[in-house]
Amino acid sequence: MLNRWIIFGLTLICALSLLTGCAPEVIPTPTPTPTGPVKIAGITAWSGPAGMSGAMGDVCMNLVEYQVNDLMGGILGGRELDLIGCDSRSTTAGCIAAANKALYEDNVAAIVWGGFTGADALAIIDFSEENELPYFFWGGLPANICDKKFCVRNSHSLESITAFADDYIKLFHPKTVACLAYDTADAHAYMNGWIGRYKDSGAEIIYEEYNPPATTDFTSYLTTIKHLNPDVLMLIQSNEGYVSMAKQVVGLGGLGDITVVCDPPVETAMSEEGAQGWYAYVFWYPGFPYSGTEKFEEDYKALYGVTPTVSYLALYYDCLWPAINAIELAGTDDRVKVAEAARSGNLEFESPTEFRHYDTCGEPGHLAGFYVQIKDKKIVPVQVPE
């Protein structure tokens, strides 16, 4: 009888101890800290009509890996950064295939860059939103990305690109303008914006044509434009397109007194005789007086033995660092948390041209724009009159 009362008492004490929180403490098993590389994929063309893009991608990926792994000791407390190139093959379908590879085979934390056209970027944006994959892209389209949760823009907006025409008007005071661009949604959007600004200034648009994106023979277009003799010729073409066009201009005996204004890929043709004297808007230029430029050029020279001469490299470079900084800000390479960090309003970094701060809509705010002229097979800065 006594033994039963003892057992009952002990049972009661145990029950009370559980109710009062005095049970033995259960220590959770800690989650293992990831130790493998942090992966980011760059999607651009290493083959097809825009295949020159891949070479610039390689240059910048090697540089940034050198900066992070060799100079900074890694990412997220010492993990290796692995930048993976994914070939879009210069097609929209190739862009989506590359994005699938990046996500399901390479298991990346984010993707950067984009395809050859605005349609490519729009397709990758849809993919990234559907698959919750952070995408740090370039391009003016879509004009508004505030409703997107996994996308961050790393280039000028459509509005700021359109405003470049105001500077062209100050520089050249054209009365007649011709326009030739490859036939893509973004090229149409940019040209429409520029044409509107020119018309508002009183200029007459005497030629507007859109060539297939893979065009390599521009002779018929250039012959017509030379005959019309506009004050300004506005061009939007691919890397390969500009090289072909510059060669064909020489065959036509030049374009006379026509002022030729291009978008950044024209730099791939700056060694061509036919491109001498052409103008372009760019996102950066070598020797720009800013601390971010000094860092970019010093590290580039340390790795390659020469300083960079092509401003378009900065566009590739500038897309990689926001992704890296978003991962560091999140403290993890978890994709959802990286996207949240990228749109937290706290993402910022020093680019070669300026200190960038990204808002909660994934926009980088006002970005610097510069104008250059190709002279002696180099790019030379041009000042816009006040």
# chains A, B, ... in the order shown; residues from 1 in each chain; ligands from 1

call {"tool": "closest_atom_pairs", "arguments": {"of": "segment 244-363 of chain A", "to": "segment 145-165 of chain A", "cutoff": "8 Å", "atoms": "only C-alpha atoms", "output": "CSV"}}
result
residue,atom,partner,partner_atom,distance
A:Tyr281,CA,A:Phe164,CA,7.9
A:Leu315,CA,A:Ser155,CA,7.5
A:Asp318,CA,A:Asn154,CA,6.9
A:Cys319,CA,A:Asn154,CA,5.7
A:Ala339,CA,A:Phe150,CA,5.3
A:Glu340,CA,A:Lys149,CA,7.8
A:Ala342,CA,A:Val152,CA,7.3
A:Arg343,CA,A:Val152,CA,7.7
A:Thr360,CA,A:Cys146,CA,7.8
A:Cys361,CA,A:Cys146,CA,4.4
A:Gly362,CA,A:Val152,CA,4.4
A:Glu363,CA,A:Arg153,CA,5.5

call {"tool": "residues_around", "arguments": {"residues": "Phe172 of chain A", "least_positions_apart": "2", "cutoff": "12 Å", "atoms": "only C-alpha atoms", "output": "MDAnalysis selection string"}}
result
chainID A and resid 165:170 174:177 198 201 203 230:234 257:261 279 382 384:385

call {"tool": "write_last_selection", "arguments": {"atoms": "N, CA, C and O atoms", "output": "mmCIF file, in the first residue's frame"}}
result
data_model
loop_
_atom_site.group_PDB
_atom_site.id
_atom_site.type_symbol
_atom_site.label_atom_id
_atom_site.label_comp_id
_atom_site.auth_asym_id
_atom_site.auth_seq_id
_atom_site.Cartn_x
_atom_site.Cartn_y
_atom_site.Cartn_z
ATOM 1 N N ALA A 165 17.555 61.923 -76.306
ATOM 2 C CA ALA A 165 17.331 62.718 -77.513
ATOM 3 C C ALA A 165 17.437 64.212 -77.232
ATOM 4 O O ALA A 165 17.833 64.987 -78.112
ATOM 5 N N ASP A 166 17.091 64.631 -76.020
ATOM 6 C CA ASP A 166 17.209 66.059 -75.686
ATOM 7 C C ASP A 166 18.662 66.514 -75.782
ATOM 8 O O ASP A 166 18.947 67.634 -76.230
ATOM 9 N N ASP A 167 19.580 65.636 -75.364
ATOM 10 C CA ASP A 167 20.995 65.978 -75.461
ATOM 11 C C ASP A 167 21.482 65.953 -76.908
ATOM 12 O O ASP A 167 22.319 66.769 -77.316
ATOM 13 N N TYR A 168 20.968 65.021 -77.714
ATOM 14 C CA TYR A 168 21.344 64.993 -79.125
ATOM 15 C C TYR A 168 20.922 66.287 -79.815
ATOM 16 O O TYR A 168 21.637 66.821 -80.676
ATOM 17 N N ILE A 169 19.751 66.784 -79.437
ATOM 18 C CA ILE A 169 19.260 68.027 -80.029
ATOM 19 C C ILE A 169 20.184 69.195 -79.663
ATOM 20 O O ILE A 169 20.510 70.038 -80.502
ATOM 21 N N LYS A 170 20.638 69.218 -78.397
ATOM 22 C CA LYS A 170 21.567 70.276 -77.977
ATOM 23 C C LYS A 170 22.913 70.156 -78.696
ATOM 24 O O LYS A 170 23.538 71.163 -79.037
ATOM 25 N N PRO A 174 19.603 69.144 -85.212
ATOM 26 C CA PRO A 174 19.227 68.620 -86.534
ATOM 27 C C PRO A 174 17.894 69.180 -87.038
ATOM 28 O O PRO A 174 16.974 69.436 -86.260
ATOM 29 N N LYS A 175 17.805 69.346 -88.355
ATOM 30 C CA LYS A 175 16.540 69.708 -88.993
ATOM 31 C C LYS A 175 15.892 68.491 -89.647
ATOM 32 O O LYS A 175 14.678 68.441 -89.807
ATOM 33 N N THR A 176 16.733 67.525 -90.026
ATOM 34 C CA THR A 176 16.224 66.278 -90.597
ATOM 35 C C THR A 176 16.902 65.092 -89.914
ATOM 36 O O THR A 176 18.095 65.144 -89.609
ATOM 37 N N VAL A 177 16.129 64.035 -89.684
ATOM 38 C CA VAL A 177 16.627 62.866 -88.941
ATOM 39 C C VAL A 177 16.193 61.586 -89.655
ATOM 40 O O VAL A 177 15.037 61.476 -90.100
ATOM 41 N N TYR A 198 12.416 64.557 -81.130
ATOM 42 C CA TYR A 198 12.900 65.284 -82.309
ATOM 43 C C TYR A 198 11.774 66.110 -82.944
ATOM 44 O O TYR A 198 11.965 67.271 -83.324
ATOM 45 N N SER A 201 11.039 69.206 -81.208
ATOM 46 C CA SER A 201 12.046 70.252 -81.408
ATOM 47 C C SER A 201 11.927 70.930 -82.767
ATOM 48 O O SER A 201 12.631 71.917 -83.042
ATOM 49 N N ALA A 203 12.309 69.114 -85.701
ATOM 50 C CA ALA A 203 13.014 68.328 -86.712
ATOM 51 C C ALA A 203 12.034 67.450 -87.488
ATOM 52 O O ALA A 203 10.992 67.034 -86.966
ATOM 53 N N PRO A 230 20.260 62.988 -94.370
ATOM 54 C CA PRO A 230 19.737 63.641 -93.167
ATOM 55 C C PRO A 230 20.866 64.303 -92.380
ATOM 56 O O PRO A 230 22.038 63.964 -92.550
ATOM 57 N N ASP A 231 20.488 65.221 -91.510
ATOM 58 C CA ASP A 231 21.504 65.816 -90.629
ATOM 59 C C ASP A 231 22.021 64.782 -89.632
ATOM 60 O O ASP A 231 23.216 64.746 -89.317
ATOM 61 N N VAL A 232 21.106 63.956 -89.109
ATOM 62 C CA VAL A 232 21.453 62.957 -88.095
ATOM 63 C C VAL A 232 20.869 61.611 -88.481
ATOM 64 O O VAL A 232 19.714 61.524 -88.925
ATOM 65 N N LEU A 233 21.661 60.554 -88.325
ATOM 66 C CA LEU A 233 21.198 59.171 -88.483
ATOM 67 C C LEU A 233 21.246 58.493 -87.124
ATOM 68 O O LEU A 233 22.321 58.379 -86.522
ATOM 69 N N MET A 234 20.096 58.058 -86.624
ATOM 70 C CA MET A 234 20.008 57.347 -85.345
ATOM 71 C C MET A 234 20.021 55.841 -85.611
ATOM 72 O O MET A 234 19.242 55.344 -86.427
ATOM 73 N N ASP A 257 28.325 64.136 -94.841
ATOM 74 C CA ASP A 257 28.258 64.982 -93.651
ATOM 75 C C ASP A 257 27.222 64.506 -92.636
ATOM 76 O O ASP A 257 26.900 65.228 -91.687
ATOM 77 N N ILE A 258 26.680 63.319 -92.815
ATOM 78 C CA ILE A 258 25.662 62.811 -91.889
ATOM 79 C C ILE A 258 26.300 62.520 -90.538
ATOM 80 O O ILE A 258 27.326 61.834 -90.452
ATOM 81 N N THR A 259 25.700 63.027 -89.467
ATOM 82 C CA THR A 259 26.142 62.720 -88.111
ATOM 83 C C THR A 259 25.483 61.426 -87.672
ATOM 84 O O THR A 259 24.254 61.321 -87.658
ATOM 85 N N VAL A 260 26.283 60.438 -87.319
ATOM 86 C CA VAL A 260 25.774 59.111 -86.962
ATOM 87 C C VAL A 260 25.788 58.967 -85.444
ATOM 88 O O VAL A 260 26.824 59.157 -84.796
ATOM 89 N N VAL A 261 24.630 58.622 -84.870
ATOM 90 C CA VAL A 261 24.472 58.466 -83.417
ATOM 91 C C VAL A 261 24.007 57.045 -83.136
ATOM 92 O O VAL A 261 23.007 56.595 -83.709
ATOM 93 N N TYR A 279 29.047 58.850 -83.092
ATOM 94 C CA TYR A 279 28.760 59.161 -81.686
ATOM 95 C C TYR A 279 27.956 58.029 -81.052
ATOM 96 O O TYR A 279 27.294 57.242 -81.740
ATOM 97 N N VAL A 382 32.344 63.362 -74.855
ATOM 98 C CA VAL A 382 31.792 64.561 -75.480
ATOM 99 C C VAL A 382 30.947 65.285 -74.435
ATOM 100 O O VAL A 382 30.103 64.670 -73.777
ATOM 101 N N VAL A 384 28.001 67.830 -73.313
ATOM 102 C CA VAL A 384 26.738 68.368 -73.837
ATOM 103 C C VAL A 384 26.617 69.821 -73.402
ATOM 104 O O VAL A 384 26.790 70.140 -72.223
ATOM 105 N N PRO A 385 26.311 70.741 -74.314
ATOM 106 C CA PRO A 385 26.140 72.143 -73.946
ATOM 107 C C PRO A 385 25.012 72.318 -72.927
ATOM 108 O O PRO A 385 24.025 71.570 -72.946
#

call {"tool": "residues_around", "arguments": {"residues": "Ile379 of chain A", "least_positions_apart": "4", "cutoff": "8 Å", "atoms": "only C-alpha atoms", "output": "mmCIF file with all heavy atoms, in the first residue's frame"}}
result
data_model
loop_
_atom_site.group_PDB
_atom_site.id
_atom_site.type_symbol
_atom_site.label_atom_id
_atom_site.label_comp_id
_atom_site.auth_asym_id
_atom_site.auth_seq_id
_atom_site.Cartn_x
_atom_site.Cartn_y
_atom_site.Cartn_z
ATOM 1 N N GLU A 267 30.654 50.163 -79.949
ATOM 2 C CA GLU A 267 32.060 50.107 -79.554
ATOM 3 C C GLU A 267 32.789 48.894 -80.126
ATOM 4 O O GLU A 267 34.009 48.925 -80.282
ATOM 5 C CB GLU A 267 32.183 50.099 -78.036
ATOM 6 C CG GLU A 267 31.874 51.437 -77.398
ATOM 7 C CD GLU A 267 32.061 51.366 -75.900
ATOM 8 O OE1 GLU A 267 31.209 50.750 -75.234
ATOM 9 O OE2 GLU A 267 33.057 51.904 -75.409
ATOM 10 N N MET A 270 34.668 50.010 -83.161
ATOM 11 C CA MET A 270 35.459 51.242 -83.108
ATOM 12 C C MET A 270 36.822 51.110 -83.795
ATOM 13 O O MET A 270 37.466 52.117 -84.065
ATOM 14 C CB MET A 270 35.638 51.724 -81.662
ATOM 15 C CG MET A 270 36.454 50.865 -80.757
ATOM 16 S SD MET A 270 36.478 51.614 -79.089
ATOM 17 C CE MET A 270 37.406 50.360 -78.189
ATOM 18 N N TYR A 285 32.836 55.420 -69.226
ATOM 19 C CA TYR A 285 33.939 55.484 -70.172
ATOM 20 C C TYR A 285 35.259 55.395 -69.415
ATOM 21 O O TYR A 285 35.340 55.799 -68.244
ATOM 22 C CB TYR A 285 33.874 56.741 -71.038
ATOM 23 C CG TYR A 285 33.984 58.055 -70.293
ATOM 24 C CD1 TYR A 285 35.216 58.603 -69.952
ATOM 25 C CD2 TYR A 285 32.832 58.753 -69.943
ATOM 26 C CE1 TYR A 285 35.311 59.816 -69.284
ATOM 27 C CE2 TYR A 285 32.917 59.969 -69.267
ATOM 28 C CZ TYR A 285 34.162 60.494 -68.944
ATOM 29 O OH TYR A 285 34.249 61.683 -68.277
ATOM 30 N N VAL A 372 30.003 59.829 -76.173
ATOM 31 C CA VAL A 372 31.375 59.698 -76.658
ATOM 32 C C VAL A 372 31.371 59.751 -78.179
ATOM 33 O O VAL A 372 30.337 59.570 -78.831
ATOM 34 C CB VAL A 372 32.013 58.371 -76.190
ATOM 35 C CG1 VAL A 372 32.120 58.311 -74.678
ATOM 36 C CG2 VAL A 372 31.242 57.166 -76.733
ATOM 37 N N GLN A 373 32.550 60.002 -78.718
ATOM 38 C CA GLN A 373 32.745 59.928 -80.157
ATOM 39 C C GLN A 373 33.921 59.001 -80.430
ATOM 40 O O GLN A 373 34.900 58.991 -79.679
ATOM 41 C CB GLN A 373 33.034 61.318 -80.744
ATOM 42 C CG GLN A 373 33.112 61.326 -82.271
ATOM 43 C CD GLN A 373 33.344 62.717 -82.838
ATOM 44 O OE1 GLN A 373 33.855 63.602 -82.151
ATOM 45 N NE2 GLN A 373 32.992 62.918 -84.102
ATOM 46 N N ILE A 374 33.811 58.215 -81.488
ATOM 47 C CA ILE A 374 34.905 57.330 -81.873
ATOM 48 C C ILE A 374 35.914 58.129 -82.681
ATOM 49 O O ILE A 374 35.587 58.672 -83.746
ATOM 50 C CB ILE A 374 34.383 56.133 -82.685
ATOM 51 C CG1 ILE A 374 33.405 55.300 -81.851
ATOM 52 C CG2 ILE A 374 35.543 55.259 -83.158
ATOM 53 C CD1 ILE A 374 32.734 54.170 -82.617
ATOM 54 N N LYS A 375 37.127 58.227 -82.149
ATOM 55 C CA LYS A 375 38.213 58.938 -82.818
ATOM 56 C C LYS A 375 39.490 58.123 -82.705
ATOM 57 O O LYS A 375 39.819 57.661 -81.605
ATOM 58 C CB LYS A 375 38.446 60.315 -82.184
ATOM 59 C CG LYS A 375 37.361 61.342 -82.446
ATOM 60 C CD LYS A 375 37.761 62.685 -81.836
ATOM 61 C CE LYS A 375 36.748 63.772 -82.141
ATOM 62 N NZ LYS A 375 37.165 65.076 -81.547
#

call {"tool": "select_by_dssp", "arguments": {"residues": "segment 208-252 of chain A", "states": "strand (DSSP E)", "output": "PyMOL selection string"}}
result
chain A and resi 208-211+232-236

call {"tool": "write_last_selection", "arguments": {"atoms": "N, CA, C and O atoms", "output": "short mmCIF file (atom, residue, chain, number, x, y, z; two decimals), in the first residue's frame"}}
result
data_model
loop_
_atom_site.label_atom_id
_atom_site.label_comp_id
_atom_site.auth_asym_id
_atom_site.auth_seq_id
_atom_site.Cartn_x
_atom_site.Cartn_y
_atom_site.Cartn_z
N GLU A 208 12.50 56.14 -91.55
CA GLU A 208 12.37 55.27 -90.38
C GLU A 208 12.20 53.84 -90.87
O GLU A 208 11.25 53.53 -91.58
N GLU A 209 13.13 52.99 -90.51
CA GLU A 209 13.10 51.60 -90.99
C GLU A 209 13.61 50.68 -89.89
O GLU A 209 14.46 51.06 -89.07
N TYR A 210 13.09 49.43 -89.88
CA TYR A 210 13.49 48.43 -88.89
C TYR A 210 13.93 47.16 -89.62
O TYR A 210 13.13 46.54 -90.34
N ASN A 211 15.19 46.80 -89.45
CA ASN A 211 15.75 45.63 -90.14
C ASN A 211 15.64 44.39 -89.27
O ASN A 211 15.59 44.49 -88.04
N VAL A 232 21.11 63.96 -89.11
CA VAL A 232 21.45 62.96 -88.09
C VAL A 232 20.87 61.61 -88.48
O VAL A 232 19.71 61.52 -88.92
N LEU A 233 21.66 60.55 -88.33
CA LEU A 233 21.20 59.17 -88.48
C LEU A 233 21.25 58.49 -87.12
O LEU A 233 22.32 58.38 -86.52
N MET A 234 20.10 58.06 -86.62
CA MET A 234 20.01 57.35 -85.35
C MET A 234 20.02 55.84 -85.61
O MET A 234 19.24 55.34 -86.43
N LEU A 235 20.90 55.12 -84.92
CA LEU A 235 21.05 53.68 -85.12
C LEU A 235 20.87 52.92 -83.81
O LEU A 235 21.34 53.36 -82.75
N ILE A 236 20.22 51.77 -83.89
CA ILE A 236 20.21 50.77 -82.82
C ILE A 236 20.47 49.44 -83.49
O ILE A 236 19.64 48.95 -84.26
#

call {"tool": "atom_distance", "arguments": {"atom1": "atom CA of Leu63 of chain A", "atom2": "atom CA of Pro381 of chain A"}}
result
24.7 Å

call {"tool": "residues_around", "arguments": {"residues": "Gly54 of chain A", "least_positions_apart": "5", "cutoff": "10 Å", "atoms": "only C-alpha atoms", "output": "ChimeraX atom specification"}}
result
/A:42-47,59-60,85-89

call {"tool": "select_by_dssp", "arguments": {"residues": "segment 134-259 of chain A", "states": "alpha helix (DSSP H)", "output": "JSON, numbers by chain"}}
result
{"A": [158, 159, 160, 161, 162, 164, 165, 166, 167, 168, 169, 170, 171, 172, 185, 186, 187, 188, 189, 190, 191, 192, 193, 194, 195, 196, 197, 198, 199, 200, 201, 219, 220, 221, 222, 223, 224, 225, 226, 227, 228, 239, 240, 241, 242, 243, 244, 245, 246, 247, 248, 249, 250, 251]}

call {"tool": "residues_around", "arguments": {"residues": "segment 113-124 of chain A", "least_positions_apart": "2", "cutoff": "8 Å", "atoms": "only C-alpha atoms", "output": "PyMOL selection string"}}
result
chain A and resi 42-45+50+88+90-92+95-96+99+111+126-128+136-142+184-187+316+319

call {"tool": "closest_residue", "arguments": {"among": "A:Ala246, A:Ile40, A:Ala98, A:Asp359", "to": "Gly277 of chain A", "atoms": "only C-alpha atoms"}}
result
A:Ala246

call {"tool": "atom_distance", "arguments": {"atom1": "atom CA of Pro264 of chain A", "atom2": "atom CA of Asp82 of chain A"}}
result
27.7 Å

call {"tool": "closest_residue", "arguments": {"among": "A:Val112, A:Leu133, A:Ala102, A:Ala280", "to": "Cys262 of chain A", "atoms": "only C-alpha atoms"}}
result
A:Ala280

call {"tool": "closest_residue", "arguments": {"among": "A:Tyr104, A:Pro364, A:Leu313, A:Pro49", "to": "Ser244 of chain A", "atoms": "only C-alpha atoms"}}
result
A:Pro49

call {"tool": "atom_distance", "arguments": {"atom1": "atom CA of Pro134 of chain A", "atom2": "atom CA of Leu103 of chain A"}}
result
10.4 Å

call {"tool": "closest_residue", "arguments": {"among": "A:Ala314, A:Ile327, A:Leu303, A:Ala189", "to": "Gly57 of chain A", "atoms": "only C-alpha atoms"}}
result
A:Ala314

call {"tool": "closest_residue", "arguments": {"among": "A:Ile125, A:Met245, A:Gly274, A:Asp200", "to": "Leu180 of chain A", "atoms": "only C-alpha atoms"}}
result
A:Met245

call {"tool": "closest_residue", "arguments": {"among": "A:Arg356, A:Gln248, A:Ala302, A:Lys377", "to": "Trp278 of chain A", "atoms": "only C-alpha atoms"}}
result
A:Lys377
